[in-house]
Amino acid sequence: SPALSPAVPLLSSRRTVCGLTGRKMSQNGVAPHRGKVLTAETMNPNIRRVEYAVRGPIVQRAVEIEKELKEGVKKPFSEVIRANIGDAHAMGQRPITFLRQVLALCSYPELLSDKQFPEDAKQRARRILQGCGGGSIGAYSASQGLECVRQDVARYIEHRDGGIPSDPNNIYLSTGASDAIVTMLKLLVSGVGASRTGVLIPIPQYPLYSAALAELGAVQVGYYLNEESCWSLDTQELHRALSQARQHCQPRVLCIINPGNPTGQVQSRKCIEDVIRFAAEEKLFLMADEVYQDNVYAPGCEFHSFKKVLCEMGPKFSDTVELASFHSTSKCYMGECGFRGGYMEVLNLDPEVKAQLTKLVSVRLCPPVPGQALLDLVVNPPQQDEPSLSPHPQERSAVLLSLGERARLAEELLNAVPGISCNPVQGAMYCFPRITLPPRALQQAQSQGQAPDMFYCMRLLEETGICLVPGSGFGQREGTYHFRYR
């Protein structure tokens with residue numbers, strides 16, 4: 001119809017804009033199939049090498065089982081017990097009152113006029129809000145973090161370390177400790193071939209490290225903790241690992257987890273001094289993962305920060321050894337994993353590198369401001385004569401005492417099970433017991449293409465509903481099998 005003819009060029013032009021007319025048509029008028037741009041072959045090969053056992057196949061199967069239980073599928077158990085991850089609140093730990101009160105006030109400032117909230121909680125909230133753009137925790141902060149929070153973190157570190165100074169300009173707030181750890185590794189990894197950066201990590205290790213190194217294309221250099229000596233760290237083993245690594249890469253970084261995850265050991269001061277001397281002699285950058293620093297349970301054990309020990313060893317070490325140490329709001333007594341609060345303190349960093357670090361963190365704009373606010377309350381708790389002082393220490397102590405009792409009970413009960421042996425849990429939130437598997441189980445695991453402890457953990461999940469992470473996901477000596485238990 002002539003009345004419709006003006007629409008034809010219009011329709012044609014729209015098709016041209018959408019890119020349709022330029023596409024070659026097949027005989028039946030259908031555009032030929034266009035292959036995917038992003039495929040398993042074209043994607044970043046480093047990503048394919050990333051593995052993270054804490055949320056791996058076992059956990060995926062646990063989620064499926066939970067759905068099956070809701071749908072009425074009959075199982076020999078009524079619920080899945082998540083012992084695979086240190087998510088304290090998901091396992092029933094109650095939030096600390098003071099922390100949540102101040103966060104509520106920061107999130108909804110109208111509550112500042114509510115008489116149900118103690119005055120010290122209101123004062124904390126007002127101070128945090130004054131440091132936020134527009135007086136709102138919904139605004140971006142400086143990329144390094146809110147200045148008032150960094151000041152409080154520095155004061156906390158000074159108090160923790162017996163008066164050793166801490167500069168707020170050396171504090172970088174982060175999205176949990178993990179974000180800061182990966183950020184530092186990005187700065188440290190370089191080179192190709194034999195000059196590629198090697199990073200020494202403990203075995204067993206927290207899989208964040210192996211995953212980050214795989215993503216960055218760095219060389220993982222494992223040093224074994226001594227299971228027969230309560231997972232202690234031996235500098236002779238560090239020398240062995242370093243010597244072998246230098247044959248194929250350039251080791252530049254030494255990572256320490258203290259207290260240990262997944263092994264639960266607490267390093268002695270002498271051990272820390274030996275590690276610092278080793279790092280100084282071998283010119284290694286030290287990364288100290290100290291997120292469990294409040295979780296120390298065993299008699300005779302005490303947490304010593306790497307920074308404190310380093311500074312007390314004198315200028316020969318304190319003026320030269322490069323150190324980044326990390327802490328988080330996700331563990332200890334807080335267990336506030338979902339808020340993703342944390343910090344990193346750097347020491348003896350080259351000024352030009354520090355400028356590059358500041359640039360790098362600015363790319364992600366800023367850490368979550370509610371997480372920064374939470375961190376401020378952890379490092380600046382209720383003080384003497386403040387209204388919240390009464391309940392806060394009791395709640396904190398109750399959580400830590402409960403975790404300590406559970407650590408003792410887990411060790412006792414696991415050692416009572418035939419085929420399982422567990423070292424004393426000195427600290428952190430996990431134990432890493434060894435399991436002895438019969439030959440038939442090893443054969444069946446091999447036939448299914450599974451690591452033996454993966455086979456064990458999967459069977460345990462299917463038959464009891466208990467979700468654990470196999471030791472193979474953390475690393476272990478050849479021929480030994482473990483699982484991590486929370």
# chains A, B, ... in the order shown; residues from 1 in each chain; ligands from 1
>>> closest_atom_pairs(of="stretch 363-388 of chain A", to="stretch 307-328 of chain A", cutoff="12 Å", atoms="only C-alpha atoms", output="tab-separated table")
residue	atom	partner	partner_atom	distance
A:Gly371	CA	A:Ser328	CA	9.8
A:Gln372	CA	A:Ser328	CA	10.4
A:Leu374	CA	A:Ser328	CA	10.2
A:Leu375	CA	A:Ser328	CA	7.8
A:Asp376	CA	A:Ser328	CA	11.2
A:Val378	CA	A:Ser328	CA	9.6
A:Val379	CA	A:Ser328	CA	10.6
>>> write_last_selection(atoms="N, CA and C atoms", output="PDB file, in the first residue's frame")
ATOM      1  N   GLY A 371      31.940  -1.201  56.113  1.00  0.00           N
ATOM      2  CA  GLY A 371      33.023  -2.040  56.627  1.00  0.00           C
ATOM      3  C   GLY A 371      34.100  -1.221  57.301  1.00  0.00           C
ATOM      4  N   GLN A 372      34.381  -0.036  56.756  1.00  0.00           N
ATOM      5  CA  GLN A 372      35.344   0.862  57.397  1.00  0.00           C
ATOM      6  C   GLN A 372      34.828   1.313  58.769  1.00  0.00           C
ATOM      7  N   LEU A 374      32.762  -0.298  60.705  1.00  0.00           N
ATOM      8  CA  LEU A 374      32.865  -1.441  61.617  1.00  0.00           C
ATOM      9  C   LEU A 374      34.294  -1.606  62.117  1.00  0.00           C
ATOM     10  N   LEU A 375      35.259  -1.497  61.210  1.00  0.00           N
ATOM     11  CA  LEU A 375      36.661  -1.611  61.603  1.00  0.00           C
ATOM     12  C   LEU A 375      37.016  -0.576  62.657  1.00  0.00           C
ATOM     13  N   ASP A 376      36.488   0.629  62.507  1.00  0.00           N
ATOM     14  CA  ASP A 376      36.786   1.687  63.476  1.00  0.00           C
ATOM     15  C   ASP A 376      36.332   1.291  64.879  1.00  0.00           C
ATOM     16  N   VAL A 378      36.074  -1.757  66.022  1.00  0.00           N
ATOM     17  CA  VAL A 378      36.931  -2.844  66.508  1.00  0.00           C
ATOM     18  C   VAL A 378      38.219  -2.287  67.088  1.00  0.00           C
ATOM     19  N   VAL A 379      38.809  -1.307  66.405  1.00  0.00           N
ATOM     20  CA  VAL A 379      40.080  -0.755  66.878  1.00  0.00           C
ATOM     21  C   VAL A 379      39.878   0.357  67.910  1.00  0.00           C
TER      22      VAL A 379
END
>>> residues_around(residues="A:Gly479", least_positions_apart="4", cutoff="12 Å", atoms="only C-alpha atoms", output="tab-separated table (two decimals) with all heavy atoms, in the first residue's frame")
chain	number	residue	atom	x	y	z
A	434	ARG	N	44.74	-35.24	60.53
A	434	ARG	CA	45.16	-36.21	59.52
A	434	ARG	C	44.24	-37.42	59.57
A	434	ARG	O	43.83	-37.85	60.66
A	434	ARG	CB	46.60	-36.65	59.77
A	434	ARG	CG	47.11	-37.65	58.72
A	434	ARG	CD	48.44	-38.27	59.08
A	434	ARG	NE	49.53	-37.30	58.99
A	434	ARG	CZ	50.81	-37.65	58.93
A	434	ARG	NH1	51.16	-38.92	58.97
A	434	ARG	NH2	51.75	-36.72	58.88
A	435	ILE	N	43.91	-37.95	58.40
A	435	ILE	CA	43.08	-39.14	58.34
A	435	ILE	C	43.87	-40.27	57.68
A	435	ILE	O	44.64	-40.04	56.75
A	435	ILE	CB	41.76	-38.88	57.57
A	435	ILE	CG1	42.02	-38.24	56.20
A	435	ILE	CG2	40.82	-38.00	58.37
A	435	ILE	CD1	40.78	-38.04	55.36
A	436	THR	N	43.68	-41.47	58.20
A	436	THR	CA	44.30	-42.66	57.62
A	436	THR	C	43.20	-43.43	56.87
A	436	THR	O	42.21	-43.84	57.48
A	436	THR	CB	44.91	-43.55	58.71
A	436	THR	OG1	45.87	-42.78	59.45
A	436	THR	CG2	45.58	-44.76	58.11
A	437	LEU	N	43.39	-43.61	55.58
A	437	LEU	CA	42.36	-44.25	54.75
A	437	LEU	C	42.81	-45.66	54.37
A	437	LEU	O	43.98	-45.88	54.05
A	437	LEU	CB	42.11	-43.42	53.49
A	437	LEU	CG	41.59	-41.99	53.73
A	437	LEU	CD1	41.49	-41.24	52.42
A	437	LEU	CD2	40.23	-42.03	54.41
A	442	LEU	N	41.42	-45.82	48.98
A	442	LEU	CA	42.38	-45.18	48.09
A	442	LEU	C	42.16	-45.63	46.64
A	442	LEU	O	42.22	-44.83	45.70
A	442	LEU	CB	43.81	-45.50	48.53
A	442	LEU	CG	44.22	-45.03	49.94
A	442	LEU	CD1	45.64	-45.47	50.26
A	442	LEU	CD2	44.12	-43.51	50.04
A	451	ALA	N	41.09	-36.98	44.59
A	451	ALA	CA	42.06	-37.08	45.66
A	451	ALA	C	41.43	-37.89	46.80
A	451	ALA	O	40.23	-37.78	47.05
A	451	ALA	CB	42.46	-35.69	46.15
A	452	PRO	N	42.20	-38.72	47.50
A	452	PRO	CA	41.61	-39.57	48.54
A	452	PRO	C	40.83	-38.80	49.60
A	452	PRO	O	39.77	-39.23	50.04
A	452	PRO	CB	42.83	-40.28	49.15
A	452	PRO	CG	43.79	-40.36	48.00
A	452	PRO	CD	43.62	-39.07	47.26
A	453	ASP	N	41.36	-37.63	50.04
A	453	ASP	CA	40.61	-36.90	51.08
A	453	ASP	C	39.39	-36.20	50.50
A	453	ASP	O	38.41	-35.95	51.21
A	453	ASP	CB	41.50	-35.93	51.86
A	453	ASP	CG	42.44	-35.12	50.99
A	453	ASP	OD1	42.19	-35.01	49.78
A	453	ASP	OD2	43.43	-34.60	51.53
A	471	GLY	N	41.94	-31.77	52.69
A	471	GLY	CA	43.28	-31.20	52.85
A	471	GLY	C	43.98	-30.94	51.55
A	471	GLY	O	44.84	-30.05	51.47
A	472	SER	N	43.62	-31.68	50.50
A	472	SER	CA	44.25	-31.47	49.19
A	472	SER	C	43.98	-30.08	48.66
A	472	SER	O	44.71	-29.58	47.81
A	472	SER	CB	43.76	-32.53	48.19
A	472	SER	OG	42.34	-32.62	48.20
A	475	GLY	N	46.86	-28.05	50.37
A	475	GLY	CA	48.22	-28.51	50.21
A	475	GLY	C	48.64	-29.35	51.40
A	475	GLY	O	48.27	-29.07	52.53
>>> closest_residue(among="A:Val59, A:Ala142, A:Val102, A:Leu111", to="A:Cys457", atoms="only C-alpha atoms")
A:Val59
>>> select_by_dssp(residues="stretch 211-441 of chain A", states="strand (DSSP E or B)", output="ChimeraX atom specification")
/A:219-224,226,232,250-257,285-289,296,323-328,341-347,420-421,427,431,434-435
>>> write_last_selection(atoms="N, CA and C atoms", output="tab-separated table (two decimals), in the first residue's frame")
chain	number	residue	atom	x	y	z
A	219	VAL	N	54.79	-17.62	40.51
A	219	VAL	CA	55.25	-18.97	40.81
A	219	VAL	C	55.03	-19.26	42.29
A	220	GLN	N	54.24	-20.27	42.58
A	220	GLN	CA	54.00	-20.66	43.97
A	220	GLN	C	55.17	-21.50	44.46
A	221	VAL	N	55.74	-21.08	45.57
A	221	VAL	CA	56.86	-21.81	46.19
A	221	VAL	C	56.39	-22.25	47.58
A	222	GLY	N	56.11	-23.52	47.73
A	222	GLY	CA	55.58	-24.02	48.99
A	222	GLY	C	56.68	-24.40	49.97
A	223	TYR	N	56.52	-24.00	51.22
A	223	TYR	CA	57.39	-24.52	52.28
A	223	TYR	C	56.48	-25.24	53.28
A	224	TYR	N	56.89	-26.45	53.68
A	224	TYR	CA	56.04	-27.29	54.51
A	224	TYR	C	56.16	-26.94	55.99
A	226	ASN	N	55.72	-28.20	59.87
A	226	ASN	CA	56.08	-29.48	60.48
A	226	ASN	C	54.90	-30.02	61.30
A	232	SER	N	54.74	-26.41	63.26
A	232	SER	CA	55.69	-25.32	63.46
A	232	SER	C	56.40	-24.99	62.14
A	250	GLN	N	62.38	-16.25	40.40
A	250	GLN	CA	63.04	-15.25	41.23
A	250	GLN	C	62.21	-15.03	42.49
A	251	PRO	N	62.47	-15.78	43.57
A	251	PRO	CA	61.68	-15.60	44.80
A	251	PRO	C	61.90	-14.22	45.39
A	252	ARG	N	60.79	-13.53	45.67
A	252	ARG	CA	60.89	-12.16	46.19
A	252	ARG	C	60.00	-11.93	47.40
A	253	VAL	N	59.11	-12.88	47.70
A	253	VAL	CA	58.09	-12.66	48.73
A	253	VAL	C	58.00	-13.87	49.65
A	254	LEU	N	57.83	-13.60	50.93
A	254	LEU	CA	57.60	-14.65	51.92
A	254	LEU	C	56.31	-14.33	52.67
A	255	CYS	N	55.33	-15.24	52.55
A	255	CYS	CA	54.03	-15.07	53.22
A	255	CYS	C	53.97	-15.93	54.47
A	256	ILE	N	53.47	-15.34	55.53
A	256	ILE	CA	53.31	-16.02	56.82
A	256	ILE	C	51.86	-15.85	57.26
A	257	ILE	N	51.26	-16.94	57.78
A	257	ILE	CA	49.92	-16.85	58.35
A	257	ILE	C	50.04	-17.18	59.84
A	285	PHE	N	60.51	-9.78	50.59
A	285	PHE	CA	59.44	-8.93	51.10
A	285	PHE	C	58.55	-9.79	52.00
A	286	LEU	N	58.26	-9.32	53.21
A	286	LEU	CA	57.46	-10.09	54.16
A	286	LEU	C	55.99	-9.68	54.11
A	287	MET	N	55.10	-10.67	54.02
A	287	MET	CA	53.66	-10.44	54.13
A	287	MET	C	53.15	-11.25	55.31
A	288	ALA	N	52.62	-10.56	56.33
A	288	ALA	CA	52.18	-11.20	57.56
A	288	ALA	C	50.66	-11.15	57.65
A	289	ASP	N	50.03	-12.29	57.47
A	289	ASP	CA	48.58	-12.43	57.57
A	289	ASP	C	48.25	-12.70	59.04
A	296	VAL	N	43.78	-16.80	70.30
A	296	VAL	CA	44.86	-17.60	70.87
A	296	VAL	C	44.32	-18.28	72.12
A	323	LEU	N	57.74	-4.84	54.98
A	323	LEU	CA	56.70	-5.64	55.61
A	323	LEU	C	55.33	-5.07	55.29
A	324	ALA	N	54.40	-5.96	54.96
A	324	ALA	CA	52.98	-5.60	54.90
A	324	ALA	C	52.24	-6.56	55.81
A	325	SER	N	51.48	-6.03	56.76
A	325	SER	CA	50.72	-6.88	57.68
A	325	SER	C	49.23	-6.58	57.52
A	326	PHE	N	48.41	-7.61	57.80
A	326	PHE	CA	46.99	-7.55	57.46
A	326	PHE	C	46.12	-7.97	58.65
A	327	HIS	N	44.96	-7.31	58.74
A	327	HIS	CA	43.97	-7.66	59.77
A	327	HIS	C	42.58	-7.49	59.17
A	328	SER	N	41.58	-8.07	59.83
A	328	SER	CA	40.23	-8.12	59.26
A	328	SER	C	39.18	-8.09	60.36
A	341	GLY	N	35.38	-5.66	56.09
A	341	GLY	CA	36.26	-4.63	56.63
A	341	GLY	C	37.65	-5.18	56.90
A	342	GLY	N	38.67	-4.39	56.66
A	342	GLY	CA	40.03	-4.84	56.94
A	342	GLY	C	41.02	-3.71	56.72
A	343	TYR	N	42.28	-4.00	57.04
A	343	TYR	CA	43.33	-2.99	56.80
A	343	TYR	C	44.66	-3.68	56.53
A	344	MET	N	45.55	-2.89	55.96
A	344	MET	CA	46.93	-3.30	55.73
A	344	MET	C	47.83	-2.17	56.22
A	345	GLU	N	48.90	-2.52	56.91
A	345	GLU	CA	49.93	-1.55	57.28
A	345	GLU	C	51.21	-1.91	56.54
A	346	VAL	N	51.82	-0.93	55.89
A	346	VAL	CA	53.07	-1.18	55.17
A	346	VAL	C	54.22	-0.50	55.90
A	347	LEU	N	55.38	-1.11	55.83
A	347	LEU	CA	56.56	-0.61	56.52
A	347	LEU	C	57.76	-0.70	55.59
A	420	ILE	N	41.87	-41.05	62.88
A	420	ILE	CA	42.02	-39.59	62.83
A	420	ILE	C	42.98	-39.15	63.94
A	421	SER	N	43.91	-38.28	63.62
A	421	SER	CA	44.80	-37.69	64.63
A	421	SER	C	44.85	-36.19	64.43
A	427	GLY	N	45.40	-21.79	68.23
A	427	GLY	CA	44.73	-20.54	67.93
A	427	GLY	C	43.96	-20.61	66.63
A	431	CYS	N	41.02	-26.61	62.86
A	431	CYS	CA	42.01	-27.65	63.06
A	431	CYS	C	42.17	-28.40	61.74
A	434	ARG	N	44.74	-35.24	60.53
A	434	ARG	CA	45.16	-36.21	59.52
A	434	ARG	C	44.24	-37.42	59.57
A	435	ILE	N	43.91	-37.95	58.40
A	435	ILE	CA	43.08	-39.14	58.34
A	435	ILE	C	43.87	-40.27	57.68
>>> closest_residue(among="A:Leu365, A:Val425, A:Ala211, A:Leu225", to="A:Glu411", atoms="only C-alpha atoms")
A:Val425
>>> closest_residue(among="A:Gly162, A:Pro381, A:Pro109, A:Pro418", to="A:Ser136", atoms="only C-alpha atoms")
A:Pro109
>>> closest_residue(among="A:Pro370, A:Asp161, A:Ala407, A:Arg396", to="A:Ala104", atoms="only C-alpha atoms")
A:Pro370
>>> atom_distance(atom1="atom CA of A:Glu41", atom2="atom CA of A:Gly193")
22.2 Å
>>> residues_around(residues="A:Asn295", least_positions_apart="4", cutoff="7 Å", atoms="only C-alpha atoms", output="MDAnalysis selection string")
chainID A and resid 332 400 427:428
>>> write_last_selection(atoms="N, CA, C and O atoms", output="short mmCIF file (atom, residue, chain, number, x, y, z; two decimals), in the first residue's frame")
data_model
loop_
_atom_site.label_atom_id
_atom_site.label_comp_id
_atom_site.auth_asym_id
_atom_site.auth_seq_id
_atom_site.Cartn_x
_atom_site.Cartn_y
_atom_site.Cartn_z
N CYS A 332 38.44 -13.28 64.60
CA CYS A 332 38.58 -12.93 66.01
C CYS A 332 37.25 -13.11 66.74
O CYS A 332 36.59 -14.12 66.58
N LEU A 400 35.30 -15.44 72.72
CA LEU A 400 36.63 -16.03 72.66
C LEU A 400 36.75 -17.26 73.55
O LEU A 400 37.40 -18.26 73.17
N GLY A 427 45.40 -21.79 68.23
CA GLY A 427 44.73 -20.54 67.93
C GLY A 427 43.96 -20.61 66.63
O GLY A 427 43.72 -21.69 66.10
N ALA A 428 43.58 -19.44 66.10
CA ALA A 428 42.76 -19.29 64.89
C ALA A 428 41.39 -19.92 65.11
O ALA A 428 40.89 -19.97 66.24
#
>>> closest_residue(among="A:His89, A:Arg100, A:Lys36, A:Lys122", to="A:Glu386", atoms="only C-alpha atoms")
A:Lys122
>>> closest_residue(among="A:Cys271, A:Leu173, A:Ala373, A:Gln101", to="A:Gln236", atoms="only C-alpha atoms")
A:Cys271
>>> residues_around(residues="stretch 186-192 of chain A", least_positions_apart="4", cutoff="8 Å", atoms="only C-alpha atoms", output="PyMOL selection string")
chain A and resi 182+196-198+216+218+252-253+357
>>> atom_distance(atom1="atom CA of A:Tyr172", atom2="atom CA of A:Asp294")
20.5 Å
>>> residues_around(residues="A:Cys148", least_positions_apart="5", cutoff="12 Å", atoms="only C-alpha atoms", output="PyMOL selection string")
chain A and resi 124-132+141-142+153-155+168-169+171+173+372-373+375-377+379-380
>>> decode(residues="stretch 174-191 of chain A", atoms="C-alpha atoms", output="compact mmCIF listing (two decimals), in the first residue's frame")
# COMPACT_ATOMS: atom_id res chain seq x y z
CA SER A 174 40.52 -2.71 52.43
CA THR A 175 37.62 -4.97 51.51
CA GLY A 176 38.53 -7.57 54.10
CA ALA A 177 42.15 -8.69 54.41
CA SER A 178 41.90 -10.67 51.15
CA ASP A 179 41.60 -7.52 49.04
CA ALA A 180 44.77 -6.02 50.55
CA ILE A 181 46.72 -9.28 50.20
CA VAL A 182 45.88 -9.55 46.50
CA THR A 183 46.69 -5.86 46.01
CA MET A 184 50.18 -6.31 47.46
CA LEU A 185 50.78 -9.40 45.34
CA LYS A 186 49.83 -7.40 42.23
CA LEU A 187 52.60 -4.94 43.08
CA LEU A 188 55.14 -7.66 43.76
CA VAL A 189 54.64 -9.99 40.80
CA SER A 190 56.68 -9.30 37.66
CA GLY A 191 59.08 -10.85 35.17
